[in-house]
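Right, one structure below, let's go through it.
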Amino acid sequence: MSTSNVLVIGLKGLGCEIAKNVILAGVKSVTLYDTEKVQIADLSSQFYLTEDDIGKPRAEAAAPRLAELNQYVPVSVLDKELTAEAISGFKCVVATDISLEKKLELSEYAHKNGICFISTEIRGLFGYVFNDFGEKFLVEDTNGEQPLSGMVANIEQSAEGVVTCLDETRHGLEDGQFVTFSEIKGMTELNGCEPRKITVLGPYTFSIGDTSSFGAYTSSGLFQQVKLPSQVSFTSFKEALENPEFLYSDFAKFDRPAQLHVGFQALHAFVKAHDGKLPRAGNDEDSAEVIRLSNEINDKWSQKTELNDELLTKLSYQATGDIPPMAAVFGGIVAQEVLKACTGKFSPINNFMYFDALECLPVGFKPTEADLAPSGSRYDGQVAVFGREFQEKIANYRQFLVGSGAIGCEMLKNWAMIGLATGPKGAIHVTDMDTIEKSNLNRQFLFRPKDVGSLKSVAAAAAVSQMNPDVSGKIV
């Protein structure tokens with residue numbers, strides 16, 4: 001990680017979450033790109049923007065606050081045009097809020113030049129992440145676990161070379177893994193041998209291939225798993241749009257990824273046809289156009305799928321939605337993928353992963369356009385999904401949080417951003433008798449060096465009050 005430069009494109013809520021997590025992890029540098037001006041709607045989920053930043057470029061406004069997270073990670077703003085050549089110096093590029101055409105341009109250059117490319121978006125309760133780490137990406141360690149080992153009871157002198165573990169101890173190995181041996185008596189050719197690929201025959205036995213030319217096994221010995229780097233091939237973004245592979249996050253929604261794959265492309269087509277504007281929240285005319293565009297894209301697709309109009313309608317209704325918890329979830333997922341790209345450790349998502357959290361909607365929820373319409377509030381991104389009545393309801397919640405460590409910081413940040421307890425009857429009670437230590441700063445992101453020695457609950461309350469002044473005086 002210490003040699004990896006990362007570029008994050010788009011500094012709304014999702015981009016900010018990704019940048020925050022990557023900076024805390026400790027890469028060589030993080031560069032931000034977003035020339036769009038800050039709007040009141042951006043404050044729905046972008047916790048490092050304030051009302052004073054409205055009218056300023058997003059990246060320039062957020063950069064100084066992101067830079068405070070880790071003094072060892074330089075944070076800068078890309079101040080030139082976003083061209084293919086501009087991304088040449090980066091190990092990993094993350095693209096969020098840009099057009100599909102620009103993503104295709106950047107991804108093609110990245111694929112040809114060994115740059116890891118990640119595309120991600122959230123639309124209300126819908127989101128996706130796509131990875132292209134090149135045709136020959138090397139994964140040094142697929143799972144991060146300690147190599148397995150065990151005692152050997154017998155090794156057959158045969159074409160299969162069946163190894164039996166001592167006292168029916170489960171070996172825990174999987175097909176295709178590699179092992180070597182030590183302290184074997186009799187079949188000494190295996191001691192310190194080159195790693196041999198195994199085939200699992202049962203929980204206590206596995207085959208290592210031909211041992212018929214070796215000496216006869218007599219006693220004792222140990223096997224040790226050897227982790228070898230594996231090469232993974234990724235397809236380009238352009239090719240994956242036509243021939244996607246999906247990582248399923250919920251097998252109860254097996255038909256959703258293909259539909260959302262079409263739906264997200266339809267949203268981009270809608271934006272292109274409407275001068276950069278997304279479908280209006282709850283607008284039937286706009287949702288009908290999204291459905292029409294989806295059908296047109298689907299009809300031309302070689303993997304044509306069955307579309308559900310109700311699902312596409314919800315996607316259209318929520319297209320302007322920007323919910324802090326969704327940004328936090330995808331910010332965490334994508335930041336992990338960035339670290340996998342930089343380190344080669346753990347298996348990355350190969351191709352697309354789509355996700356939706358429609359279970360969060362109330363049963364029988366059928367809002368009108370007026371319920372979801374923006375009103376110039378910082379909560380418009382959430383109102384576009386759940387409606388105004390919901391926003392008014394949570395504003396008067398009374399919530400109690402025990403602990404304001406790493407998870408507590410995230411909870412408080414999300415509660416503040418969604419406007420929890422900001423109404424006349426609302427309140428958030430926080431208790432945590434721990435004081436802040438220097439070691440907390442790399443994961444408890446609300447704290448700064450100046451807070452070391454202070455109570456976590458007091459410092460966390462002060463930090464989120466700056467993110468959303470509406471909760472000021474509401475946290476006790």
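Letters for chains follow the order of the structure tokens (A, B, ...), residue numbers begin at 1 for each chain, and ligand numbers begin at 1 in the order shown.
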Could you pull the residues within 9 Å of Leu190 of chain A, counting only C-alpha atoms, minus those fewer than 6 positions along the same chain, as a PDB file with N, CA, C and O atoms, in the first residue's frame?
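Saved the output as part_37.pdb:
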ATOM      1  N   THR A 180       3.500 -29.300   0.841  1.00  0.00           N
ATOM      2  CA  THR A 180       4.815 -29.925   0.863  1.00  0.00           C
ATOM      3  C   THR A 180       4.922 -30.720   2.165  1.00  0.00           C
ATOM      4  O   THR A 180       3.992 -30.686   2.986  1.00  0.00           O
ATOM      5  N   PHE A 181       6.031 -31.432   2.363  1.00  0.00           N
ATOM      6  CA  PHE A 181       6.122 -32.352   3.497  1.00  0.00           C
ATOM      7  C   PHE A 181       7.449 -32.194   4.225  1.00  0.00           C
ATOM      8  O   PHE A 181       8.445 -31.675   3.682  1.00  0.00           O
ATOM      9  N   SER A 182       7.464 -32.671   5.459  1.00  0.00           N
ATOM     10  CA  SER A 182       8.701 -32.707   6.248  1.00  0.00           C
ATOM     11  C   SER A 182       8.629 -33.874   7.231  1.00  0.00           C
ATOM     12  O   SER A 182       7.539 -34.366   7.558  1.00  0.00           O
ATOM     13  N   ILE A 184       9.135 -36.935   6.960  1.00  0.00           N
ATOM     14  CA  ILE A 184       8.614 -38.217   6.473  1.00  0.00           C
ATOM     15  C   ILE A 184       9.721 -39.278   6.568  1.00  0.00           C
ATOM     16  O   ILE A 184      10.869 -39.033   6.187  1.00  0.00           O
ATOM     17  N   PHE A 214       8.737 -43.529  -5.633  1.00  0.00           N
ATOM     18  CA  PHE A 214       9.369 -43.130  -4.380  1.00  0.00           C
ATOM     19  C   PHE A 214       9.537 -44.347  -3.468  1.00  0.00           C
ATOM     20  O   PHE A 214       8.945 -45.405  -3.689  1.00  0.00           O
TER      21      PHE A 214
END
Practice item. Do a neighbour search on Glu310 of chain A at 10 Å with only C-alpha atoms, toss out local chain neighbours closer than 5 positions, and write the hits as a list in words. Key: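 So the residues in contact are Ser287, Ile291, Leu315 and Ser316 of chain A.
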Take the residues that were just selected and, keeping all heavy atoms, output them as a tab-separated table (two decimals), in the first residue's frame.
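So result.tsv came out as:
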chain	number	residue	atom	x	y	z
A	287	SER	N	-40.32	7.69	-14.96
A	287	SER	CA	-40.14	6.25	-14.75
A	287	SER	C	-40.57	5.46	-15.98
A	287	SER	O	-39.95	4.44	-16.32
A	287	SER	CB	-40.91	5.78	-13.52
A	287	SER	OG	-42.29	5.89	-13.71
A	291	ILE	N	-38.24	2.84	-18.09
A	291	ILE	CA	-38.67	1.49	-18.45
A	291	ILE	C	-38.53	1.28	-19.96
A	291	ILE	O	-38.07	0.23	-20.41
A	291	ILE	CB	-40.12	1.25	-18.00
A	291	ILE	CG1	-40.18	1.20	-16.47
A	291	ILE	CG2	-40.68	-0.04	-18.60
A	291	ILE	CD1	-41.59	1.17	-15.91
A	315	LEU	N	-36.33	1.93	-9.09
A	315	LEU	CA	-35.00	2.44	-9.42
A	315	LEU	C	-35.09	3.86	-9.94
A	315	LEU	O	-34.29	4.73	-9.57
A	315	LEU	CB	-34.33	1.53	-10.45
A	315	LEU	CG	-32.94	1.95	-10.95
A	315	LEU	CD1	-31.94	1.99	-9.80
A	315	LEU	CD2	-32.45	1.01	-12.05
A	316	SER	N	-36.08	4.13	-10.79
A	316	SER	CA	-36.27	5.47	-11.33
A	316	SER	C	-36.70	6.45	-10.25
A	316	SER	O	-36.17	7.56	-10.15
A	316	SER	CB	-37.33	5.43	-12.45
A	316	SER	OG	-37.60	6.74	-12.93
Point to revise | For atom CA of Gly192 of chain A and atom CA of Gly161 of chain A, the interatomic separation in Å (one decimal) | key: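 Going from atom CA of Gly192 of chain A over to atom CA of Gly161 of chain A, I get 16.5 Å.
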Check your understanding: From the list A:Thr205, A:Lys197, A:Gln336, A:His268, which residue is nearest Ile18 of chain A when using only C-alpha atoms?
Key -> A:Gln336
Revision key, fill the gap. One decimal place gives the atom CA of Ser230 of chain A-atom CA of Val338 of chain A separation as 18.2 Å
Check your understanding: Leaving out Ile87 of chain A and any residue of its chain fewer than 2 positions from it, which residues lie within 12 Å of it when counting only C-alpha atoms, given as a ChimeraX atom specification?
Key -> /A:5-9,31-33,78,80-85,89-95,103,105-111,113-117
**Study point:** One-decimal distance in Å that lies between atom CA of Lys277 of chain A and atom CA of Asp42 of chain A
**Key:** 14.8 Å
**Study point:** Exercise: Lys413 of chain A partners within 8 Å, only C-alpha atoms, chain neighbours under 5 positions left out, as a ChimeraX atom specification
**Key:** /A:47,464,467
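Ranking A:Glu296, A:Gly419, A:Val363, A:Gly150 by their shortest atom-to-atom distance to Arg388 of chain A, with only C-alpha atoms included, puts A:Gly419 first.
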Practice item. Any chance you could list, as an NGL selection string, the residues in segment 184-304 of chain A that come up alpha helix (DSSP H) when DSSP is run on the backbone? Key: :A and (237-242 or 256-273 or 284-300)
Can you write out the residues you just picked, keeping N, CA and C atoms, as a compact mmCIF listing (two decimals), in the first residue's frame?
# COMPACT_ATOMS: atom_id res chain seq x y z
N PHE A 237 -14.35 -2.98 -18.77
CA PHE A 237 -15.68 -2.45 -18.45
C PHE A 237 -16.59 -2.53 -19.67
N LYS A 238 -16.04 -2.20 -20.83
CA LYS A 238 -16.83 -2.24 -22.06
C LYS A 238 -17.32 -3.65 -22.36
N GLU A 239 -16.41 -4.62 -22.25
CA GLU A 239 -16.79 -6.00 -22.52
C GLU A 239 -17.76 -6.53 -21.46
N ALA A 240 -17.55 -6.11 -20.21
CA ALA A 240 -18.40 -6.60 -19.12
C ALA A 240 -19.81 -6.05 -19.21
N LEU A 241 -20.00 -4.88 -19.78
CA LEU A 241 -21.35 -4.36 -19.96
C LEU A 241 -22.16 -5.27 -20.86
N GLU A 242 -21.50 -5.86 -21.85
CA GLU A 242 -22.20 -6.75 -22.79
C GLU A 242 -22.25 -8.19 -22.26
N ARG A 256 -32.30 -10.32 -9.81
CA ARG A 256 -32.14 -8.87 -9.73
C ARG A 256 -30.91 -8.33 -10.46
N PRO A 257 -29.71 -8.94 -10.30
CA PRO A 257 -28.52 -8.33 -10.90
C PRO A 257 -28.64 -8.04 -12.40
N ALA A 258 -29.18 -8.98 -13.16
CA ALA A 258 -29.30 -8.76 -14.61
C ALA A 258 -30.24 -7.60 -14.90
N GLN A 259 -31.34 -7.51 -14.13
CA GLN A 259 -32.28 -6.40 -14.34
C GLN A 259 -31.66 -5.06 -13.96
N LEU A 260 -30.94 -5.04 -12.86
CA LEU A 260 -30.31 -3.79 -12.44
C LEU A 260 -29.17 -3.41 -13.38
N HIS A 261 -28.52 -4.41 -13.97
CA HIS A 261 -27.49 -4.15 -14.97
C HIS A 261 -28.07 -3.34 -16.13
N VAL A 262 -29.25 -3.72 -16.56
CA VAL A 262 -29.95 -2.99 -17.62
C VAL A 262 -30.45 -1.66 -17.10
N GLY A 263 -31.01 -1.66 -15.89
CA GLY A 263 -31.60 -0.45 -15.32
C GLY A 263 -30.60 0.67 -15.12
N PHE A 264 -29.40 0.36 -14.64
CA PHE A 264 -28.40 1.40 -14.43
C PHE A 264 -27.94 1.99 -15.77
N GLN A 265 -27.85 1.16 -16.80
CA GLN A 265 -27.52 1.69 -18.13
C GLN A 265 -28.64 2.60 -18.64
N ALA A 266 -29.89 2.24 -18.33
CA ALA A 266 -31.03 3.07 -18.73
C ALA A 266 -30.99 4.42 -18.03
N LEU A 267 -30.57 4.45 -16.77
CA LEU A 267 -30.44 5.73 -16.06
C LEU A 267 -29.41 6.62 -16.74
N HIS A 268 -28.28 6.03 -17.16
CA HIS A 268 -27.26 6.81 -17.86
C HIS A 268 -27.81 7.34 -19.19
N ALA A 269 -28.59 6.51 -19.88
CA ALA A 269 -29.19 6.95 -21.14
C ALA A 269 -30.18 8.08 -20.89
N PHE A 270 -30.93 8.00 -19.81
CA PHE A 270 -31.89 9.07 -19.45
C PHE A 270 -31.14 10.36 -19.17
N VAL A 271 -30.08 10.28 -18.39
CA VAL A 271 -29.29 11.47 -18.05
C VAL A 271 -28.73 12.13 -19.30
N LYS A 272 -28.25 11.30 -20.23
CA LYS A 272 -27.68 11.82 -21.47
C LYS A 272 -28.74 12.54 -22.31
N ALA A 273 -29.96 12.03 -22.27
CA ALA A 273 -31.05 12.62 -23.06
C ALA A 273 -31.68 13.84 -22.39
N ASP A 284 -44.01 9.62 -12.58
CA ASP A 284 -44.42 8.49 -13.42
C ASP A 284 -43.97 8.65 -14.87
N GLU A 285 -43.94 9.87 -15.34
CA GLU A 285 -43.52 10.12 -16.73
C GLU A 285 -42.05 9.73 -16.91
N ASP A 286 -41.23 10.14 -15.97
CA ASP A 286 -39.81 9.81 -16.06
C ASP A 286 -39.57 8.31 -15.88
N SER A 287 -40.32 7.69 -14.96
CA SER A 287 -40.14 6.25 -14.75
C SER A 287 -40.57 5.46 -15.98
N ALA A 288 -41.59 5.94 -16.67
CA ALA A 288 -42.03 5.27 -17.90
C ALA A 288 -40.94 5.34 -18.96
N GLU A 289 -40.22 6.46 -19.01
CA GLU A 289 -39.13 6.59 -19.98
C GLU A 289 -37.96 5.67 -19.62
N VAL A 290 -37.69 5.56 -18.33
CA VAL A 290 -36.63 4.65 -17.89
C VAL A 290 -36.97 3.21 -18.25
N ILE A 291 -38.24 2.84 -18.09
CA ILE A 291 -38.67 1.49 -18.45
C ILE A 291 -38.53 1.28 -19.96
N ARG A 292 -38.91 2.30 -20.73
CA ARG A 292 -38.79 2.20 -22.19
C ARG A 292 -37.32 2.05 -22.60
N LEU A 293 -36.46 2.87 -22.02
CA LEU A 293 -35.02 2.77 -22.33
C LEU A 293 -34.46 1.42 -21.91
N SER A 294 -34.93 0.91 -20.78
CA SER A 294 -34.47 -0.41 -20.31
C SER A 294 -34.84 -1.49 -21.30
N ASN A 295 -36.06 -1.43 -21.80
CA ASN A 295 -36.51 -2.43 -22.79
C ASN A 295 -35.71 -2.34 -24.08
N GLU A 296 -35.39 -1.11 -24.49
CA GLU A 296 -34.60 -0.94 -25.71
C GLU A 296 -33.19 -1.53 -25.53
N ILE A 297 -32.58 -1.26 -24.39
CA ILE A 297 -31.25 -1.80 -24.10
C ILE A 297 -31.31 -3.32 -24.00
N ASN A 298 -32.34 -3.81 -23.34
CA ASN A 298 -32.49 -5.25 -23.14
C ASN A 298 -32.70 -5.99 -24.47
N ASP A 299 -33.47 -5.38 -25.36
CA ASP A 299 -33.75 -6.02 -26.66
C ASP A 299 -32.48 -6.17 -27.50
N LYS A 300 -31.52 -5.26 -27.32
CA LYS A 300 -30.27 -5.31 -28.08
C LYS A 300 -29.21 -6.17 -27.39
